[in-house]
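Structure file input.cif (mmCIF, C-alpha atoms) follows.
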```
data_work
loop_
_atom_site.label_atom_id
_atom_site.label_comp_id
_atom_site.auth_asym_id
_atom_site.auth_seq_id
_atom_site.Cartn_x
_atom_site.Cartn_y
_atom_site.Cartn_z
CA MET A 124 0.00 0.00 0.00
CA LYS A 125 2.82 2.37 0.85
CA ARG A 126 4.56 1.66 -2.44
CA TYR A 127 1.33 2.30 -4.32
CA ARG A 128 0.93 5.68 -2.61
CA ALA A 129 4.54 6.56 -3.27
CA VAL A 130 4.15 5.78 -6.99
CA LYS A 131 0.82 7.61 -7.12
CA TYR A 132 2.02 10.86 -5.54
CA THR A 133 5.34 10.76 -7.37
CA LEU A 134 3.49 10.59 -10.67
CA PHE A 135 1.11 13.32 -9.57
CA THR A 136 3.97 15.60 -8.45
CA CYS A 137 5.89 15.19 -11.70
CA CYS A 138 2.81 15.73 -13.83
CA TYR A 139 1.79 18.74 -11.75
CA VAL A 140 5.19 20.41 -12.14
CA PHE A 141 5.20 19.87 -15.91
CA TRP A 142 1.57 20.99 -16.05
CA VAL A 143 2.40 24.32 -14.40
CA VAL A 144 5.50 24.86 -16.55
CA SER A 145 3.61 24.01 -19.75
CA GLY A 146 0.87 26.44 -18.73
CA LEU A 147 3.44 29.22 -18.36
CA VAL A 148 5.01 28.32 -21.72
CA THR A 149 1.59 28.40 -23.37
CA ALA A 150 0.82 31.78 -21.82
CA VAL A 151 4.14 33.22 -22.99
CA GLY A 152 3.62 31.87 -26.51
CA PHE A 153 0.07 33.21 -26.67
CA TYR A 154 1.10 36.63 -25.38
CA SER A 155 4.02 36.83 -27.82
CA ARG A 156 1.80 35.84 -30.72
CA VAL A 157 -0.93 38.36 -29.87
CA ALA A 158 1.44 41.21 -28.98
CA LYS A 159 3.32 41.05 -32.26
CA GLU A 160 2.91 43.74 -34.85
CA ARG A 161 0.62 42.99 -37.72
CA GLY A 162 2.02 42.34 -41.14
CA MET A 163 5.10 40.43 -40.01
CA LEU A 164 7.06 38.90 -42.85
CA ALA A 165 8.10 35.76 -40.96
CA PRO A 166 6.03 32.69 -41.91
CA CYS A 167 4.20 30.67 -39.26
CA TRP A 168 6.62 27.77 -39.32
CA LEU A 169 9.47 30.17 -38.48
CA ASP A 170 7.63 31.85 -35.63
CA PRO A 171 9.06 30.85 -32.21
CA ALA A 172 5.93 32.14 -30.47
CA LEU A 173 3.75 29.71 -32.42
CA LEU A 174 6.13 26.83 -31.65
CA LEU A 175 5.97 27.66 -27.94
CA LEU A 176 2.20 27.84 -28.12
CA LEU A 177 1.82 24.43 -29.79
CA LEU A 178 4.42 22.68 -27.62
CA GLY A 179 3.03 24.19 -24.43
CA SER A 180 -0.56 23.27 -25.31
CA LEU A 181 0.32 19.66 -26.09
CA THR A 182 2.31 19.25 -22.88
CA PHE A 183 -0.44 20.98 -20.89
CA VAL A 184 -3.08 18.50 -22.08
CA LEU A 185 -0.91 15.43 -21.51
CA THR A 186 0.19 16.43 -18.03
CA PHE A 187 -3.37 17.38 -17.10
CA LEU A 188 -4.48 13.85 -17.97
CA GLY A 189 -1.66 12.46 -15.83
CA CYS A 190 -2.54 14.68 -12.86
CA CYS A 191 -6.24 13.82 -12.90
CA GLY A 192 -5.64 10.14 -13.57
CA SER A 193 -3.13 9.68 -10.77
CA LEU A 194 -5.02 11.77 -8.22
CA ARG A 195 -8.49 10.33 -8.91
CA ASN A 196 -7.33 6.75 -9.60
CA ALA A 197 -8.98 6.87 -13.03
CA PRO A 198 -7.73 3.99 -15.21
CA CYS A 199 -9.18 5.54 -18.38
CA LEU A 200 -7.23 8.80 -17.90
CA LEU A 201 -4.05 6.93 -16.96
CA LYS A 202 -4.30 4.73 -20.06
CA THR A 203 -4.87 7.79 -22.25
CA PHE A 204 -1.91 9.55 -20.64
CA ALA A 205 0.35 6.51 -21.08
CA GLY A 206 -0.82 6.02 -24.67
CA PHE A 207 -0.14 9.62 -25.73
CA LEU A 208 3.21 9.63 -23.94
CA SER A 209 4.21 6.37 -25.63
CA ALA A 210 3.20 7.81 -29.00
CA VAL A 211 5.37 10.89 -28.40
CA ILE A 212 8.35 8.72 -27.47
CA LEU A 213 7.78 6.56 -30.54
CA LEU A 214 7.63 9.61 -32.79
CA GLN A 215 10.90 10.85 -31.33
CA VAL A 216 12.56 7.51 -32.04
CA VAL A 217 11.21 7.48 -35.60
CA ALA A 218 12.35 11.06 -36.17
CA GLY A 219 15.83 10.23 -34.89
CA ALA A 220 16.08 7.16 -37.15
CA ALA A 221 14.84 9.13 -40.16
CA ALA A 222 17.32 11.90 -39.48
CA PHE A 223 20.13 9.34 -39.30
CA LEU A 224 19.12 7.58 -42.51
CA LEU A 225 18.30 10.75 -44.46
CA THR A 226 21.12 12.91 -43.17
CA ASP A 227 21.73 14.79 -46.42
CA THR A 228 18.07 15.63 -46.93
CA VAL A 229 17.64 16.74 -43.33
CA MET A 230 20.75 18.92 -43.53
CA GLU A 231 19.56 20.54 -46.76
CA ARG A 232 16.13 21.28 -45.31
CA THR A 233 17.66 22.60 -42.10
CA GLU A 234 20.07 24.85 -44.00
CA ALA A 235 17.21 26.19 -46.11
CA VAL A 236 15.17 26.99 -43.01
CA MET A 237 18.12 28.66 -41.28
CA LYS A 238 18.97 30.75 -44.34
CA ARG A 239 15.35 31.83 -44.53
CA ALA A 240 15.59 32.82 -40.87
CA LEU A 241 18.69 34.92 -41.62
CA LEU A 242 16.81 36.82 -44.32
CA LEU A 243 14.06 37.71 -41.81
CA TYR A 244 16.46 38.47 -38.96
CA ARG A 245 15.37 42.07 -38.33
CA GLU A 246 11.72 41.50 -39.24
CA ASP A 247 10.75 39.42 -36.19
CA ARG A 248 12.04 40.11 -32.67
CA ASP A 249 11.46 36.54 -31.46
CA LEU A 250 13.21 35.08 -34.50
CA GLU A 251 16.06 37.51 -33.97
CA ASN A 252 16.51 36.38 -30.36
CA LEU A 253 16.38 32.72 -31.43
CA VAL A 254 19.09 33.19 -34.07
CA ASP A 255 21.27 35.10 -31.60
CA PHE A 256 20.85 32.34 -29.02
CA LEU A 257 21.81 29.63 -31.53
CA GLN A 258 24.86 31.51 -32.76
CA ARG A 259 26.10 32.13 -29.22
CA LYS A 260 25.37 28.57 -28.12
CA LEU A 261 26.95 26.91 -31.17
CA GLN A 262 29.67 29.57 -31.51
CA CYS A 263 28.98 30.07 -35.19
CA CYS A 264 28.23 32.94 -37.56
CA GLY A 265 25.72 32.24 -40.31
CA VAL A 266 24.88 28.85 -41.79
CA ASP A 267 27.95 28.15 -43.94
CA SER A 268 30.02 31.23 -43.04
CA TYR A 269 29.66 34.88 -42.09
CA LEU A 270 29.05 35.65 -45.77
CA ASP A 271 25.50 34.33 -45.39
CA TRP A 272 24.62 37.58 -43.64
CA SER A 273 25.33 39.53 -46.83
CA HIS A 274 22.02 38.21 -48.20
CA ASN A 275 20.14 40.11 -45.49
CA GLN A 276 19.01 43.53 -46.67
CA TYR A 277 20.31 45.21 -43.51
CA PHE A 278 23.78 43.62 -43.64
CA HIS A 279 24.22 43.55 -47.43
CA CYS A 280 27.61 44.99 -48.29
CA SER A 281 27.26 47.54 -51.08
CA GLN A 282 27.71 51.27 -51.58
CA SER A 283 24.00 51.72 -52.34
CA ASN A 284 22.82 50.12 -49.08
CA PRO A 285 21.70 52.94 -46.73
CA SER A 286 21.64 50.68 -43.66
CA LEU A 287 24.08 51.52 -40.86
CA GLU A 288 24.71 47.77 -40.44
CA ALA A 289 25.93 47.27 -44.01
CA CYS A 290 29.07 45.13 -44.35
CA ALA A 291 28.67 43.98 -40.72
CA VAL A 292 27.35 40.97 -38.81
CA PRO A 293 25.15 40.65 -35.68
CA PHE A 294 26.83 40.92 -32.30
CA SER A 295 26.00 37.28 -31.56
CA CYS A 296 28.71 36.27 -34.05
CA CYS A 297 31.30 37.49 -31.55
CA ARG A 298 32.96 34.94 -29.28
CA GLY A 299 34.68 35.04 -25.92
CA LEU A 300 37.35 37.69 -25.40
CA HIS A 301 36.97 39.02 -28.94
CA LEU A 302 33.59 40.57 -28.08
CA GLN A 303 34.90 43.98 -27.05
CA VAL A 304 37.23 44.25 -30.03
CA THR A 305 34.45 43.26 -32.41
CA LEU A 306 32.00 45.74 -30.90
CA VAL A 307 34.55 48.53 -31.26
CA SER A 308 35.12 47.51 -34.88
CA LEU A 309 31.39 47.48 -35.57
CA ALA A 310 31.05 50.92 -33.99
CA ALA A 311 33.89 52.22 -36.18
CA VAL A 312 32.25 50.76 -39.30
CA GLN A 313 28.93 52.40 -38.39
CA LEU A 314 30.62 55.77 -37.83
CA PHE A 315 32.32 55.44 -41.22
CA ARG A 316 28.98 54.64 -42.86
CA ILE A 317 27.31 57.61 -41.15
CA LYS A 318 30.01 60.00 -42.40
CA GLN A 319 29.82 58.48 -45.88
CA LEU A 320 26.03 58.91 -46.01
CA GLN A 321 26.31 62.49 -44.77
CA ARG A 322 28.89 63.24 -47.46
CA LEU A 323 26.65 61.74 -50.15
CA GLN A 324 23.70 63.81 -48.90
CA ARG A 325 25.77 66.98 -49.00
CA GLU A 326 26.90 66.22 -52.54
CA ALA A 327 23.36 65.44 -53.68
CA ALA A 328 21.85 68.55 -52.08
CA PRO A 329 21.40 71.57 -54.45
CA ARG A 330 23.94 74.33 -53.97
CA ARG A 331 22.50 77.61 -52.73
CA SER A 332 24.07 80.96 -53.49
CA ILE A 333 25.08 82.90 -50.38
CA HIS A 334 24.57 86.67 -50.37
CA TRP A 335 25.88 89.16 -47.83
CA PHE A 336 23.49 91.75 -46.45
CA PRO A 337 24.32 94.40 -43.86
CA ALA A 338 22.59 94.10 -40.53
CA VAL A 339 20.19 96.93 -41.22
CA THR A 340 16.45 96.33 -41.14
CA GLN A 341 14.17 97.64 -43.85
CA VAL A 342 16.90 98.64 -46.29
CA ASN A 343 14.45 99.75 -48.98
CA ASP A 344 12.06 101.45 -46.58
CA PRO A 345 11.49 104.99 -47.91
CA ALA A 346 10.70 106.21 -44.42
CA GLU A 347 14.13 105.19 -43.12
CA PRO A 348 16.02 108.43 -44.04
CA THR A 349 13.37 110.54 -42.36
CA ARG A 350 13.56 108.44 -39.18
CA ILE A 351 17.35 108.65 -39.13
CA GLN A 352 17.31 112.41 -39.69
CA GLN A 353 14.90 112.81 -36.83
CA ASN A 354 17.09 110.69 -34.53
CA PRO A 355 20.84 111.18 -35.13
CA ALA A 356 21.70 108.64 -32.44
CA GLU A 357 20.01 105.95 -34.55
CA LEU A 358 22.37 106.74 -37.45
CA ILE A 359 25.43 106.32 -35.23
CA ARG A 360 24.12 102.99 -33.87
CA THR A 361 23.33 101.72 -37.39
CA ASP A 362 26.76 102.64 -38.76
CA HIS A 363 28.38 101.01 -35.75
CA SER A 364 26.42 97.74 -36.37
CA VAL A 365 27.45 97.62 -40.03
CA ALA A 366 31.09 98.26 -39.12
CA LEU A 367 31.09 95.48 -36.54
CA LEU A 368 29.51 93.02 -38.98
CA ARG A 369 32.08 93.84 -41.67
CA PHE A 370 34.92 93.51 -39.16
CA ARG A 371 33.71 90.02 -38.19
#
```
Go ahead and render the structure in this file as structure tokens.
Amino acid sequence: MKRYRAVKYTLFTCCYVFWVVSGLVTAVGFYSRVAKERGMLAPCWLDPALLLLLLGSLTFVLTFLGCCGSLRNAPCLLKTFAGFLSAVILLQVVAGAAAFLLTDTVMERTEAVMKRALLLYREDRDLENLVDFLQRKLQCCGVDSYLDWSHNQYFHCSQSNPSLEACAVPFSCCRGLHLQVTLVSLAAVQLFRIKQLQRLQREAAPRRSIHWFPAVTQVNDPAEPTRIQQNPAELIRTDHSVALLRFR
């Protein structure tokens, strides 16, 4: 009897913990999906929020069946829980065997998906964080090499690209002690691009002729001589202003 209770409450505790965690994951995925801006360019199968939502929902349902079945001693719920869990394990085994047998195909599909993710790097904040996490975790930069980032419109290296990140790579490509040096280099490249764009804007702007005018208001006012004759001090102050302006 004691062993039965130990197994029962151990199963309930494990299922309850996973049930709570899966509920939080589902809530985070749902919030991320709803809070996103409309018109995102990332497809659904590249959306981390949707993946979290589906994975969290599936785990939530399975662990809920395990909690209720173990707590209420319901054989039907326990059988359903065990059946779904066995099916998940079987699918994982089949997926692993298929990946081993079809390595080339899996690698090609994975590379295509990752390159598509690089193209949409700045278009989706969740996808951007996922790519940064993978590059830091795997200590890599791009799919094949850092040149993969040149296909992104923000990092494309060309004179006509107005982006400040042109000819650069994301900060997640940096590793270890080289992080500070790389950040300084990226800052220098951005400053160079800013000065280059400012120079191109100055060259493209139409030239305006500059004329010099004395600092005297209402030059063509016909009433000005009369006012100056009536007030000689005004004439002295006006001549003094013109002299100072010419001296400067």
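Excluding region 205-218 of chain A and any residue on its chain fewer than 6 positions from it, the residues at most 12 Å away by only C-alpha atoms are A:Leu134, A:Cys138, A:Leu178, A:Leu181, A:Thr182, A:Val184, A:Leu185, A:Thr186, A:Leu188, A:Gly189, A:Cys190, A:Gly192, A:Ser193, A:Pro198, A:Cys199, A:Leu224, A:Leu225, A:Thr226, A:Val229.
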Could you name the residues that touch Phe315 (chain A) at 12 Å or less, counting all atoms listed in the file, but leaving out those on the same chain fewer than 5 positions away, as a PDB file with C-alpha atoms, in the coordinates of the input?
```pdb
ATOM      1  CA  SER A 286      21.640  50.680 -43.660  1.00  0.00           C
ATOM      2  CA  LEU A 287      24.080  51.520 -40.860  1.00  0.00           C
ATOM      3  CA  GLU A 288      24.710  47.770 -40.440  1.00  0.00           C
ATOM      4  CA  ALA A 289      25.930  47.270 -44.010  1.00  0.00           C
ATOM      5  CA  CYS A 290      29.070  45.130 -44.350  1.00  0.00           C
ATOM      6  CA  SER A 308      35.120  47.510 -34.880  1.00  0.00           C
ATOM      7  CA  LEU A 309      31.390  47.480 -35.570  1.00  0.00           C
ATOM      8  CA  ALA A 310      31.050  50.920 -33.990  1.00  0.00           C
ATOM      9  CA  LEU A 320      26.030  58.910 -46.010  1.00  0.00           C
ATOM     10  CA  GLN A 321      26.310  62.490 -44.770  1.00  0.00           C
ATOM     11  CA  ARG A 322      28.890  63.240 -47.460  1.00  0.00           C
TER      12      ARG A 322
END
```
Checklist entry - How far is it from CA of Gly152 (chain A) to CA of Phe256 (chain A), in Å with one decimal? => result 17.4 Å
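Across the structure, CA of Leu176 (chain A) and CA of Gly265 (chain A) are spaced 26.9 Å apart.
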Next on the checklist: Here is a test: counting only C-alpha atoms, which residue of A:Cys191, A:Val148, A:Leu243, A:Ala129 is nearest to Asp170 (chain A)?
Outcome noted: A:Leu243
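With CA of Pro285 (chain A) on one side and CA of Ile317 (chain A) on the other, the separation reads 9.2 Å.
Those residues returned by the PyMOL selection byres ((chain A and resi 253) around 12) for this file are A:Leu169, A:Asp170, A:Pro171, A:Ala172, A:Leu174, A:Met237, A:Ala240, A:Leu241, A:Leu243, A:Tyr244, A:Arg245, A:Asp247, A:Arg248, A:Asp249, A:Leu250, A:Glu251, A:Asn252, A:Val254, A:Asp255, A:Phe256, A:Leu257, A:Gln258, A:Arg259, A:Lys260, A:Ser295.
The shortest atom-to-atom distance to Gly179 (chain A), with all atoms listed in the file taken into account, belongs to A:Ala150 out of A:Ala150, A:Ala197, A:Leu261, A:Leu314.
Nearest to Ala235 (chain A) of all the residues A:Val266, A:Arg325, A:Arg316, A:Leu194 is A:Val266, counting all atoms listed in the file.
Considering all atoms listed in the file, the residue among A:Lys238, A:Lys131, A:Arg126, A:His279 positioned nearest to Ala291 (chain A) is A:His279.
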